[in-house]
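Listing of run_35.cif; format and content: mmCIF, C-alpha atoms.
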```cif
data_final
#
loop_
_atom_site.label_atom_id
_atom_site.label_comp_id
_atom_site.auth_asym_id
_atom_site.auth_seq_id
_atom_site.Cartn_x
_atom_site.Cartn_y
_atom_site.Cartn_z
CA MET U 479 -0.43 8.63 25.79
CA THR U 480 -2.52 6.95 23.09
CA SER U 481 -1.27 7.23 19.51
CA GLY U 482 -4.18 6.26 17.27
CA LEU U 483 -4.74 8.59 14.31
CA THR U 484 -8.14 9.88 13.20
CA VAL U 485 -8.58 12.09 10.12
CA THR U 486 -12.09 13.44 9.54
CA ASP U 487 -13.44 15.17 6.40
CA LEU U 488 -10.02 16.57 5.54
CA HIS U 489 -9.63 19.06 2.68
CA ALA U 490 -6.40 20.54 1.35
CA ALA U 491 -5.27 22.53 -1.67
CA HIS U 492 -2.17 23.80 -3.43
CA GLY U 493 -3.06 27.40 -4.20
CA PRO U 494 -6.36 27.40 -6.10
CA THR U 495 -6.13 23.66 -6.88
CA ALA U 496 -8.02 21.35 -4.53
CA VAL U 497 -6.05 18.19 -3.76
CA LEU U 498 -7.84 16.42 -0.89
CA HIS U 499 -11.62 16.14 -0.91
CA GLY U 500 -13.09 15.08 2.43
CA VAL U 501 -10.59 12.37 3.42
CA ASP U 502 -11.51 10.09 6.34
CA LEU U 503 -8.81 7.85 7.78
CA THR U 504 -8.41 5.86 10.99
CA VAL U 505 -5.22 4.15 12.15
CA PRO U 506 -5.48 2.25 15.45
CA GLU U 507 -2.82 2.60 18.12
CA HIS U 508 0.26 0.47 17.29
CA GLY U 509 -1.18 -0.17 13.81
CA LEU U 510 0.75 -0.16 10.53
CA ALA U 511 -1.33 1.52 7.83
CA CYS U 512 -0.64 2.20 4.17
CA LEU U 513 -1.89 4.83 1.74
CA LEU U 514 -1.82 3.26 -1.72
CA GLY U 515 -2.40 5.18 -4.93
CA ARG U 516 -0.94 6.44 -8.17
CA SER U 517 1.40 9.42 -8.37
CA GLY U 518 -0.53 12.68 -8.08
CA CYS U 519 -3.51 11.19 -6.22
CA GLY U 520 -2.87 13.25 -3.06
CA LYS U 521 -1.27 10.68 -0.75
CA THR U 522 1.92 12.68 -0.07
CA THR U 523 -0.11 15.84 0.49
CA LEU U 524 -2.18 13.94 3.05
CA LEU U 525 0.99 12.80 4.80
CA ARG U 526 2.36 16.37 4.87
CA VAL U 527 -0.89 17.72 6.28
CA ILE U 528 -0.83 15.11 9.06
CA ALA U 529 2.81 16.00 9.79
CA GLY U 530 1.94 19.70 10.04
CA PHE U 531 4.00 20.78 7.02
CA HIS U 532 0.92 21.85 5.03
CA ARG U 533 -2.13 23.65 6.40
CA PRO U 534 -5.47 21.96 5.64
CA ALA U 535 -8.39 23.87 4.13
CA GLY U 536 -10.88 22.06 6.37
CA GLY U 537 -11.51 19.00 8.48
CA GLN U 538 -9.93 17.64 11.64
CA ILE U 539 -6.89 15.56 12.64
CA ASP U 540 -6.66 13.87 16.04
CA LEU U 541 -3.71 11.91 17.40
CA GLY U 542 -4.74 10.00 20.48
CA THR U 543 -6.58 12.50 22.68
CA ARG U 544 -4.91 15.53 21.07
CA THR U 545 -6.46 17.58 18.27
CA LEU U 546 -3.73 18.64 15.83
CA ASP U 547 -5.89 20.43 13.25
CA SER U 548 -9.46 21.69 13.29
CA ALA U 549 -11.39 24.88 12.54
CA ARG U 550 -9.89 26.40 15.72
CA VAL U 551 -6.67 24.49 16.29
CA HIS U 552 -3.38 24.15 14.41
CA VAL U 553 -0.48 22.54 16.26
CA PRO U 554 2.90 23.37 14.65
CA ALA U 555 4.84 20.47 13.17
CA GLU U 556 7.57 20.60 15.83
CA ARG U 557 5.00 20.10 18.62
CA ARG U 558 3.07 17.21 17.08
CA ARG U 559 5.35 14.38 18.24
CA ILE U 560 5.30 12.94 14.73
CA GLY U 561 8.33 11.40 13.01
CA TYR U 562 8.71 11.80 9.26
CA ILE U 563 10.92 9.78 6.88
CA PRO U 564 11.04 11.21 3.32
CA GLN U 565 11.88 9.40 0.09
CA THR U 566 15.56 10.28 0.48
CA VAL U 567 17.15 9.36 3.80
CA ALA U 568 18.71 12.85 4.20
CA LEU U 569 21.32 11.83 6.77
CA PHE U 570 23.93 14.41 7.77
CA PRO U 571 26.96 13.38 5.67
CA HIS U 572 29.54 14.90 8.07
CA LEU U 573 28.16 13.11 11.15
CA SER U 574 28.71 9.52 12.24
CA VAL U 575 25.89 6.98 12.43
CA ALA U 576 25.68 7.50 16.21
CA ALA U 577 25.65 11.28 15.86
CA ASN U 578 22.94 11.14 13.20
CA ILE U 579 20.72 9.03 15.45
CA GLY U 580 21.32 11.21 18.50
CA PHE U 581 20.98 14.55 16.72
CA GLY U 582 18.62 16.80 18.67
CA LEU U 583 18.31 14.54 21.70
CA PRO U 584 19.01 15.98 25.18
CA ARG U 585 22.63 15.34 26.16
CA ALA U 586 21.59 13.58 29.39
CA ARG U 587 19.89 10.68 27.64
CA ARG U 588 21.62 10.74 24.27
CA ALA U 589 24.21 8.00 24.87
CA ASP U 590 21.72 5.49 26.27
CA ALA U 591 19.15 6.19 23.54
CA VAL U 592 21.71 5.88 20.75
CA ALA U 593 23.11 2.62 22.14
CA ARG U 594 19.61 1.14 22.44
CA LEU U 595 18.67 2.13 18.89
CA LEU U 596 21.94 0.92 17.39
CA ASP U 597 21.25 -2.45 18.95
CA LEU U 598 17.65 -2.35 17.72
CA ILE U 599 18.70 -1.79 14.08
CA ASP U 600 21.65 -4.21 14.43
CA LEU U 601 24.28 -1.60 13.50
CA GLY U 602 26.22 -1.36 16.75
CA ALA U 603 29.49 -2.07 14.93
CA TYR U 604 28.85 0.84 12.56
CA ALA U 605 28.40 3.62 15.14
CA ASP U 606 31.48 5.59 14.02
CA ARG U 607 30.96 5.26 10.27
CA ARG U 608 29.76 8.08 8.02
CA PRO U 609 26.62 7.62 5.86
CA HIS U 610 28.65 7.22 2.64
CA GLU U 611 30.30 4.14 4.17
CA LEU U 612 26.93 2.36 4.52
CA SER U 613 24.78 0.46 2.05
CA GLY U 614 21.41 1.88 1.02
CA GLY U 615 19.59 -0.50 3.34
CA GLN U 616 21.83 0.42 6.28
CA GLN U 617 21.26 4.11 5.63
CA GLN U 618 17.51 3.48 5.66
CA ARG U 619 17.77 1.75 9.03
CA VAL U 620 19.75 4.68 10.43
CA ALA U 621 17.08 7.10 9.18
CA LEU U 622 14.44 4.97 10.90
CA ALA U 623 16.43 4.91 14.16
CA ARG U 624 16.82 8.70 14.02
CA ALA U 625 13.07 9.09 13.55
CA LEU U 626 12.37 6.73 16.47
CA ALA U 627 14.91 8.41 18.75
CA THR U 628 12.45 11.13 19.78
CA GLU U 629 9.84 8.47 20.65
CA PRO U 630 7.16 9.87 18.33
CA ASP U 631 3.48 9.08 18.82
CA LEU U 632 3.20 8.51 15.06
CA LEU U 633 5.71 7.74 12.30
CA LEU U 634 5.05 8.78 8.69
CA LEU U 635 7.01 7.13 5.85
CA ASP U 636 6.85 8.75 2.40
CA GLU U 637 7.91 6.02 -0.08
CA PRO U 638 11.16 5.45 1.85
CA PHE U 639 12.12 2.30 -0.08
CA SER U 640 11.67 3.64 -3.62
CA ALA U 641 15.37 4.39 -4.19
CA LEU U 642 16.48 0.85 -3.29
CA ASP U 643 16.88 -1.98 -5.79
CA ALA U 644 14.11 -4.60 -5.78
CA GLY U 645 15.84 -7.29 -3.70
CA LEU U 646 17.15 -4.85 -1.11
CA ARG U 647 13.81 -3.05 -0.99
CA ASN U 648 12.02 -6.23 0.05
CA ARG U 649 14.52 -7.02 2.80
CA VAL U 650 14.58 -3.49 4.21
CA ARG U 651 10.80 -3.24 4.09
CA CYS U 652 10.49 -6.45 6.11
CA ASP U 653 13.14 -5.24 8.59
CA VAL U 654 11.36 -1.91 9.04
CA ALA U 655 7.94 -3.52 9.50
CA ASP U 656 9.34 -5.96 12.07
CA LEU U 657 11.08 -3.14 13.92
CA LEU U 658 7.95 -1.00 14.05
CA ARG U 659 5.92 -3.93 15.38
CA ARG U 660 8.54 -4.67 18.04
CA THR U 661 8.54 -1.06 19.20
CA GLY U 662 4.74 -0.75 19.01
CA THR U 663 5.02 2.34 16.82
CA THR U 664 1.91 3.60 15.07
CA ALA U 665 2.94 4.24 11.45
CA VAL U 666 1.58 5.27 8.06
CA LEU U 667 3.41 4.31 4.86
CA VAL U 668 2.78 6.01 1.52
CA THR U 669 3.47 3.94 -1.61
CA HIS U 670 2.33 3.36 -5.18
CA ASP U 671 3.56 -0.26 -5.07
CA ALA U 672 0.69 -2.70 -4.43
CA GLN U 673 2.96 -5.57 -3.40
CA GLU U 674 4.74 -3.33 -0.90
CA ALA U 675 1.42 -2.24 0.60
CA LEU U 676 0.10 -5.81 0.86
CA ALA U 677 3.29 -7.04 2.55
CA PHE U 678 3.80 -4.12 4.96
CA ALA U 679 0.47 -2.97 6.34
CA ASP U 680 -2.21 -4.17 8.74
CA THR U 681 -4.70 -1.95 6.90
CA ILE U 682 -4.57 -0.37 3.44
CA SER U 683 -6.44 2.72 2.29
CA ILE U 684 -6.81 3.15 -1.47
CA ILE U 685 -6.66 6.84 -2.37
CA THR U 686 -7.79 8.16 -5.75
CA ASP U 687 -8.16 11.78 -6.85
CA GLY U 688 -7.82 13.02 -3.30
CA ARG U 689 -10.38 10.64 -1.79
CA VAL U 690 -10.05 7.43 0.21
CA VAL U 691 -12.26 5.03 -1.73
CA GLN U 692 -11.85 1.88 0.41
CA THR U 693 -9.99 0.75 3.52
CA GLY U 694 -9.47 -2.73 4.90
CA PRO U 695 -7.03 -5.51 5.83
CA PRO U 696 -4.77 -6.50 2.90
CA ASP U 697 -6.28 -9.96 2.32
CA ALA U 698 -9.90 -8.76 2.52
CA LEU U 699 -9.22 -5.75 0.31
CA HIS U 700 -7.51 -7.92 -2.31
CA THR U 701 -10.26 -10.56 -2.43
CA GLN U 702 -13.26 -8.28 -1.86
CA PRO U 703 -12.62 -4.89 -3.47
CA ALA U 704 -15.67 -2.67 -3.75
CA THR U 705 -14.93 -1.44 -7.28
CA ALA U 706 -12.87 -2.29 -10.33
CA GLU U 707 -10.69 0.72 -9.55
CA VAL U 708 -9.77 -0.74 -6.15
CA ALA U 709 -9.28 -4.20 -7.64
CA ARG U 710 -6.79 -2.88 -10.21
CA ALA U 711 -4.95 -0.82 -7.60
CA LEU U 712 -4.02 -4.06 -5.84
CA GLY U 713 -2.67 -5.98 -8.85
CA ASP U 714 -3.78 -7.68 -12.05
CA ALA U 715 -7.56 -7.91 -12.26
CA ASN U 716 -9.91 -9.45 -14.83
CA VAL U 717 -13.07 -7.35 -14.80
CA PHE U 718 -16.00 -8.71 -16.82
CA ASP U 719 -19.48 -7.52 -17.70
CA ALA U 720 -21.85 -10.32 -16.72
CA THR U 721 -25.48 -11.24 -16.23
CA VAL U 722 -27.05 -12.99 -13.27
CA GLU U 723 -28.37 -16.53 -13.75
CA GLY U 724 -29.69 -17.69 -10.39
CA SER U 725 -26.72 -17.69 -8.01
CA ASN U 726 -24.23 -17.60 -10.90
CA ALA U 727 -22.75 -15.01 -13.22
CA ARG U 728 -22.67 -15.56 -16.96
CA THR U 729 -19.29 -14.18 -18.09
CA PRO U 730 -17.12 -14.43 -21.22
CA VAL U 731 -15.08 -17.07 -19.37
CA GLY U 732 -18.03 -19.24 -18.43
CA LEU U 733 -20.82 -19.58 -15.88
CA LEU U 734 -19.25 -18.85 -12.50
CA PRO U 735 -20.57 -19.11 -8.93
CA LEU U 736 -21.26 -15.63 -7.68
CA GLY U 737 -19.66 -14.64 -4.39
CA ILE U 738 -21.98 -11.75 -3.57
CA CYS U 739 -20.71 -8.94 -1.38
CA SER U 740 -23.57 -7.62 0.73
CA SER U 741 -22.54 -4.01 0.11
CA ALA U 742 -22.64 -4.34 -3.68
CA PRO U 743 -25.79 -3.88 -5.76
CA GLY U 744 -27.27 -6.88 -7.55
CA GLY U 745 -29.27 -6.95 -10.78
CA PRO U 746 -29.47 -8.70 -14.13
CA ALA U 747 -26.47 -6.76 -15.51
CA ILE U 748 -23.44 -6.76 -13.23
CA THR U 749 -19.66 -6.38 -13.18
CA VAL U 750 -17.48 -9.10 -11.65
CA LEU U 751 -13.84 -9.68 -10.75
CA VAL U 752 -11.72 -12.77 -11.38
CA ARG U 753 -8.12 -12.69 -10.17
CA PRO U 754 -5.42 -14.20 -12.45
CA ARG U 755 -4.52 -16.83 -9.85
CA GLN U 756 -8.02 -18.29 -10.25
CA ILE U 757 -7.36 -19.19 -13.89
CA THR U 758 -5.83 -22.49 -14.92
CA LEU U 759 -5.02 -23.57 -18.48
CA CYS U 760 -5.47 -26.92 -20.21
CA PRO U 761 -4.51 -27.87 -23.77
CA SER U 762 -7.86 -29.38 -24.76
CA ALA U 763 -11.52 -28.63 -24.23
CA ALA U 764 -13.19 -30.01 -21.12
CA THR U 765 -16.23 -29.29 -19.00
CA ASP U 766 -16.38 -25.66 -17.84
CA THR U 767 -13.51 -24.47 -20.04
CA THR U 768 -13.36 -21.55 -22.47
CA PRO U 769 -11.19 -21.44 -25.62
CA ALA U 770 -8.49 -18.75 -25.58
CA ARG U 771 -5.46 -17.72 -27.62
CA ILE U 772 -2.24 -16.61 -25.92
CA VAL U 773 -1.24 -13.19 -27.21
CA ARG U 774 1.60 -12.37 -24.80
CA THR U 775 3.87 -14.18 -22.32
CA GLU U 776 5.92 -12.32 -19.72
CA PHE U 777 8.45 -14.07 -17.48
CA ARG U 778 8.35 -12.57 -13.98
CA GLY U 779 10.97 -14.71 -12.24
CA GLU U 780 8.64 -16.74 -10.04
CA ASP U 781 5.93 -17.30 -12.64
CA TYR U 782 4.66 -16.26 -16.07
CA ARG U 783 2.06 -13.59 -16.76
CA LEU U 784 -0.07 -14.52 -19.77
CA GLU U 785 -2.46 -12.35 -21.74
CA LEU U 786 -5.17 -14.32 -23.54
CA ALA U 787 -7.66 -13.30 -26.20
CA VAL U 788 -11.15 -14.62 -25.39
CA GLU U 789 -14.24 -14.13 -27.53
CA GLY U 790 -16.50 -11.46 -26.05
CA CYS U 791 -13.72 -9.77 -24.05
CA SER U 792 -12.60 -6.31 -25.16
CA GLN U 793 -9.44 -6.60 -23.03
CA PRO U 794 -7.00 -9.53 -22.73
CA VAL U 795 -7.68 -11.98 -19.92
CA VAL U 796 -4.68 -12.22 -17.58
CA ALA U 797 -3.50 -15.49 -16.03
CA HIS U 798 -0.48 -16.35 -13.88
CA THR U 799 1.05 -19.76 -14.54
CA PRO U 800 4.17 -21.62 -13.34
CA ASP U 801 5.11 -22.79 -16.84
CA PRO U 802 5.83 -20.85 -20.05
CA MET U 803 3.47 -21.00 -23.01
CA PRO U 804 4.37 -19.44 -26.38
CA SER U 805 2.32 -16.68 -27.96
CA GLY U 806 -0.10 -17.71 -30.67
CA VAL U 807 -1.00 -21.03 -29.04
CA THR U 808 -4.66 -21.90 -28.61
CA THR U 809 -5.57 -23.23 -25.18
CA HIS U 810 -8.56 -23.49 -22.86
CA LEU U 811 -9.01 -21.78 -19.52
CA HIS U 812 -10.90 -22.78 -16.42
CA VAL U 813 -11.83 -20.49 -13.53
CA GLU U 814 -11.50 -21.83 -9.99
CA GLY U 815 -13.71 -20.42 -7.25
CA CYS U 816 -16.23 -17.59 -7.35
CA ALA U 817 -16.53 -14.39 -9.31
CA HIS U 818 -16.58 -11.38 -6.98
CA LEU U 819 -19.37 -8.86 -7.54
CA LEU U 820 -18.18 -5.28 -8.00
CA ALA U 821 -20.17 -2.10 -7.46
CA HIS U 822 -19.15 -0.67 -10.83
CA ARG U 823 -16.21 -0.39 -13.20
#
```
Once you've parsed the file, please lay out its structure as structure tokens.
Amino acid sequence: MTSGLTVTDLHAAHGPTAVLHGVDLTVPEHGLACLLGRSGCGKTTLLRVIAGFHRPAGGQIDLGTRTLDSARVHVPAERRRIGYIPQTVALFPHLSVAANIGFGLPRARRADAVARLLDLIDLGAYADRRPHELSGGQQQRVALARALATEPDLLLLDEPFSALDAGLRNRVRCDVADLLRRTGTTAVLVTHDAQEALAFADTISIITDGRVVQTGPPDALHTQPATAEVARALGDANVFDATVEGSNARTPVGLLPLGICSSAPGGPAITVLVRPRQITLCPSAATDTTPARIVRTEFRGEDYRLELAVEGCSQPVVAHTPDPMPSGVTTHLHVEGCAHLLAHR
């Protein structure tokens, strides 16, 4: 049975308040997709509608060749063959790891299924332990194994790593993504963490105010966002008003080659994106540099995030550098590569 997900013109509401406004979403079979957006944008509601926990107000949901929701069809949650992992792992505290994984499975195949999944999540030695005897990451793996035990056609993950500390979250996220790829499970992750989305998914859908505004592979979405809103959803973004001069853009940080996206409108007055990694700093003026004053330095462990005041910019220009630079210092910045044309702010 195929397991690709297709959501078409989906609408949903909480009482009189509309939450989803014509959402379209496609997840290919065996694909790992991510819904990325701020709290309150509708991403968890979308996940709950797909799972069958919340009735839509309109639209259609198809999983493989089966229609789960439409004007005439509503398949109950328990018949959808969809696994769901909430923010809290919600393991049964009185049951062992093995019993949690096998809960609800037919007795005839329970032992074999549990043994296979314990091996898959590398917790065979922990089969008899209770959840409180496990680390947070181990509990998350048990929750994943329990969700996979029923062999769902689709797995939905609602910010399952949010309760873990940063280092553990990264490791567990990688383990989960690897496991889902090995099992060929079609999955949708909900998160508000851009780095998590970029690292986990094959495709990312940016959702804002109950609408999917852009979908694409992580690298393409990061380098070629359609709007400033999408650009900022995926990390630090320098968005500048500019004017076209031939094949270049005149910006507050210099005359930059214009990497024109065919889907974006051109014109004498435009808006462009420059990512912080494109900016390098030098202590003295040189060709194609712009004077700037450092107003804030933030150490981020692997690098430094600088905010710079540049004449003509209403907002600080953000740069990421490997070396610290004190606030108040005057420097010069140079932009590497092209400015990306945006549809609008």
Quick one: everything within 10 Å of Ala706 in chain U, counting only C-alpha atoms, minus sequence neighbours fewer than 4 positions away in the same chain. Send it as number ranges by chain.
U: 710-711, 715-718, 749-751, 819-823
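Distance annotation: of U:Val813, U:Ala593, U:Cys519, U:Val620, the residue with the minimal separation from Pro754 in chain U is U:Val813; atom set is all atoms listed in the file.
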May I have the residues within 8 Å of range 692-695 of chain U as a PyMOL selection string, using all atoms listed in the file and disregarding those fewer than 4 positions away in the same chain?
chain U and resi 679-685+699+703-704+708
List every residue of range 523-564 of chain U that has an atom at most 9 Å from any atom of range 487-492 of chain U, and for each one report the closest atom pair and its distance in Å to one decimal, counting all atoms listed in the file, with rows sorted by chain and then by increasing residue number, as JSON lines.
```
{"residue": "U:Thr523", "atom": "CA", "partner": "U:Ala490", "partner_atom": "CA", "distance": 7.9}
{"residue": "U:Leu524", "atom": "CA", "partner": "U:Ala490", "partner_atom": "CA", "distance": 8.0}
{"residue": "U:Val527", "atom": "CA", "partner": "U:Ala490", "partner_atom": "CA", "distance": 7.9}
{"residue": "U:His532", "atom": "CA", "partner": "U:Ala490", "partner_atom": "CA", "distance": 8.3}
{"residue": "U:Arg533", "atom": "CA", "partner": "U:Ala490", "partner_atom": "CA", "distance": 7.3}
{"residue": "U:Pro534", "atom": "CA", "partner": "U:Ala490", "partner_atom": "CA", "distance": 4.6}
{"residue": "U:Ala535", "atom": "CA", "partner": "U:Ala490", "partner_atom": "CA", "distance": 4.8}
{"residue": "U:Gly536", "atom": "CA", "partner": "U:His489", "partner_atom": "CA", "distance": 4.9}
{"residue": "U:Gly537", "atom": "CA", "partner": "U:Leu488", "partner_atom": "CA", "distance": 4.1}
{"residue": "U:Gln538", "atom": "CA", "partner": "U:Leu488", "partner_atom": "CA", "distance": 6.2}
{"residue": "U:Ile539", "atom": "CA", "partner": "U:Leu488", "partner_atom": "CA", "distance": 7.8}
```
Go through range 488-574 of chain U and flag each residue having an atom no more than 12 Å from range 660-663 of chain U; for those, report the closest pair of atoms plus their distance in Å to one decimal, using only C-alpha atoms, ordered by chain and rising number, as a Markdown table.
```
| residue | atom | partner | partner_atom | distance |
| --- | --- | --- | --- | --- |
| U:Val505 | CA | U:Thr663 | CA | 11.4 |
| U:Pro506 | CA | U:Thr663 | CA | 10.6 |
| U:Glu507 | CA | U:Thr663 | CA | 8.0 |
| U:His508 | CA | U:Gly662 | CA | 5.0 |
| U:Gly509 | CA | U:Thr663 | CA | 7.3 |
| U:Leu510 | CA | U:Thr663 | CA | 8.0 |
| U:Ala511 | CA | U:Thr663 | CA | 11.0 |
| U:Ile560 | CA | U:Thr663 | CA | 10.8 |
| U:Gly561 | CA | U:Thr663 | CA | 10.4 |
```
Store the residues picked out above in a file with C-alpha atoms, as a compact mmCIF listing (two decimals), in the frame of the given file.
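Result file is again27.txt:
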```
# COMPACT_ATOMS: atom_id res chain seq x y z
CA VAL U 505 -5.22 4.15 12.15
CA PRO U 506 -5.48 2.25 15.45
CA GLU U 507 -2.82 2.60 18.12
CA HIS U 508 0.26 0.47 17.29
CA GLY U 509 -1.18 -0.17 13.81
CA LEU U 510 0.75 -0.16 10.53
CA ALA U 511 -1.33 1.52 7.83
CA ILE U 560 5.30 12.94 14.73
CA GLY U 561 8.33 11.40 13.01
```
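From CA of Tyr604 in chain U back to CA of Arg588 in chain U, the distance works out to 17.0 Å.
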If you take all atoms listed in the file and a cut-off of 10 Å, which residues of range 510-617 of chain U touch range 644-658 of chain U, and what are their nearest atom pairs and distances in Å to one decimal, in chain and number order, as a Markdown table?
```
| residue | atom | partner | partner_atom | distance |
| --- | --- | --- | --- | --- |
| U:Leu510 | CA | U:Ala655 | CA | 8.0 |
| U:Leu598 | CA | U:Leu657 | CA | 7.6 |
| U:Ile599 | CA | U:Leu657 | CA | 7.7 |
| U:Ser613 | CA | U:Leu646 | CA | 9.8 |
| U:Gly614 | CA | U:Leu646 | CA | 8.2 |
| U:Gly615 | CA | U:Val650 | CA | 5.9 |
| U:Gln616 | CA | U:Val650 | CA | 8.5 |
```
What is the distance, in Å and to one decimal place, between CA of Gly732 in chain U and CA of Ala817 in chain U?
10.4 Å
Just want the 12 Å neighbourhood of range 794-811 of chain U, counted on all atoms listed in the file, with same-chain residues fewer than 6 positions away dropped. Output as a PyMOL selection string.
chain U and resi 713-718+729-732+751-788
Between CA of Pro735 in chain U and CA of Val722 in chain U, distance in Å (one decimal)
9.9 Å
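Against this structure, the PyMOL selection byres ((chain U and resi 567) around 8) ends up with Ile563, Pro564, Gln565, Thr566, Ala568, Leu569, Gln617, Gln618, Ala621 and Pro638 of chain U.
Among U:Ala577, U:Pro696, U:Glu637, U:Thr480, the residue with the shortest atom-to-atom distance to Leu667 in chain U, counting all atoms listed in the file, is U:Glu637.
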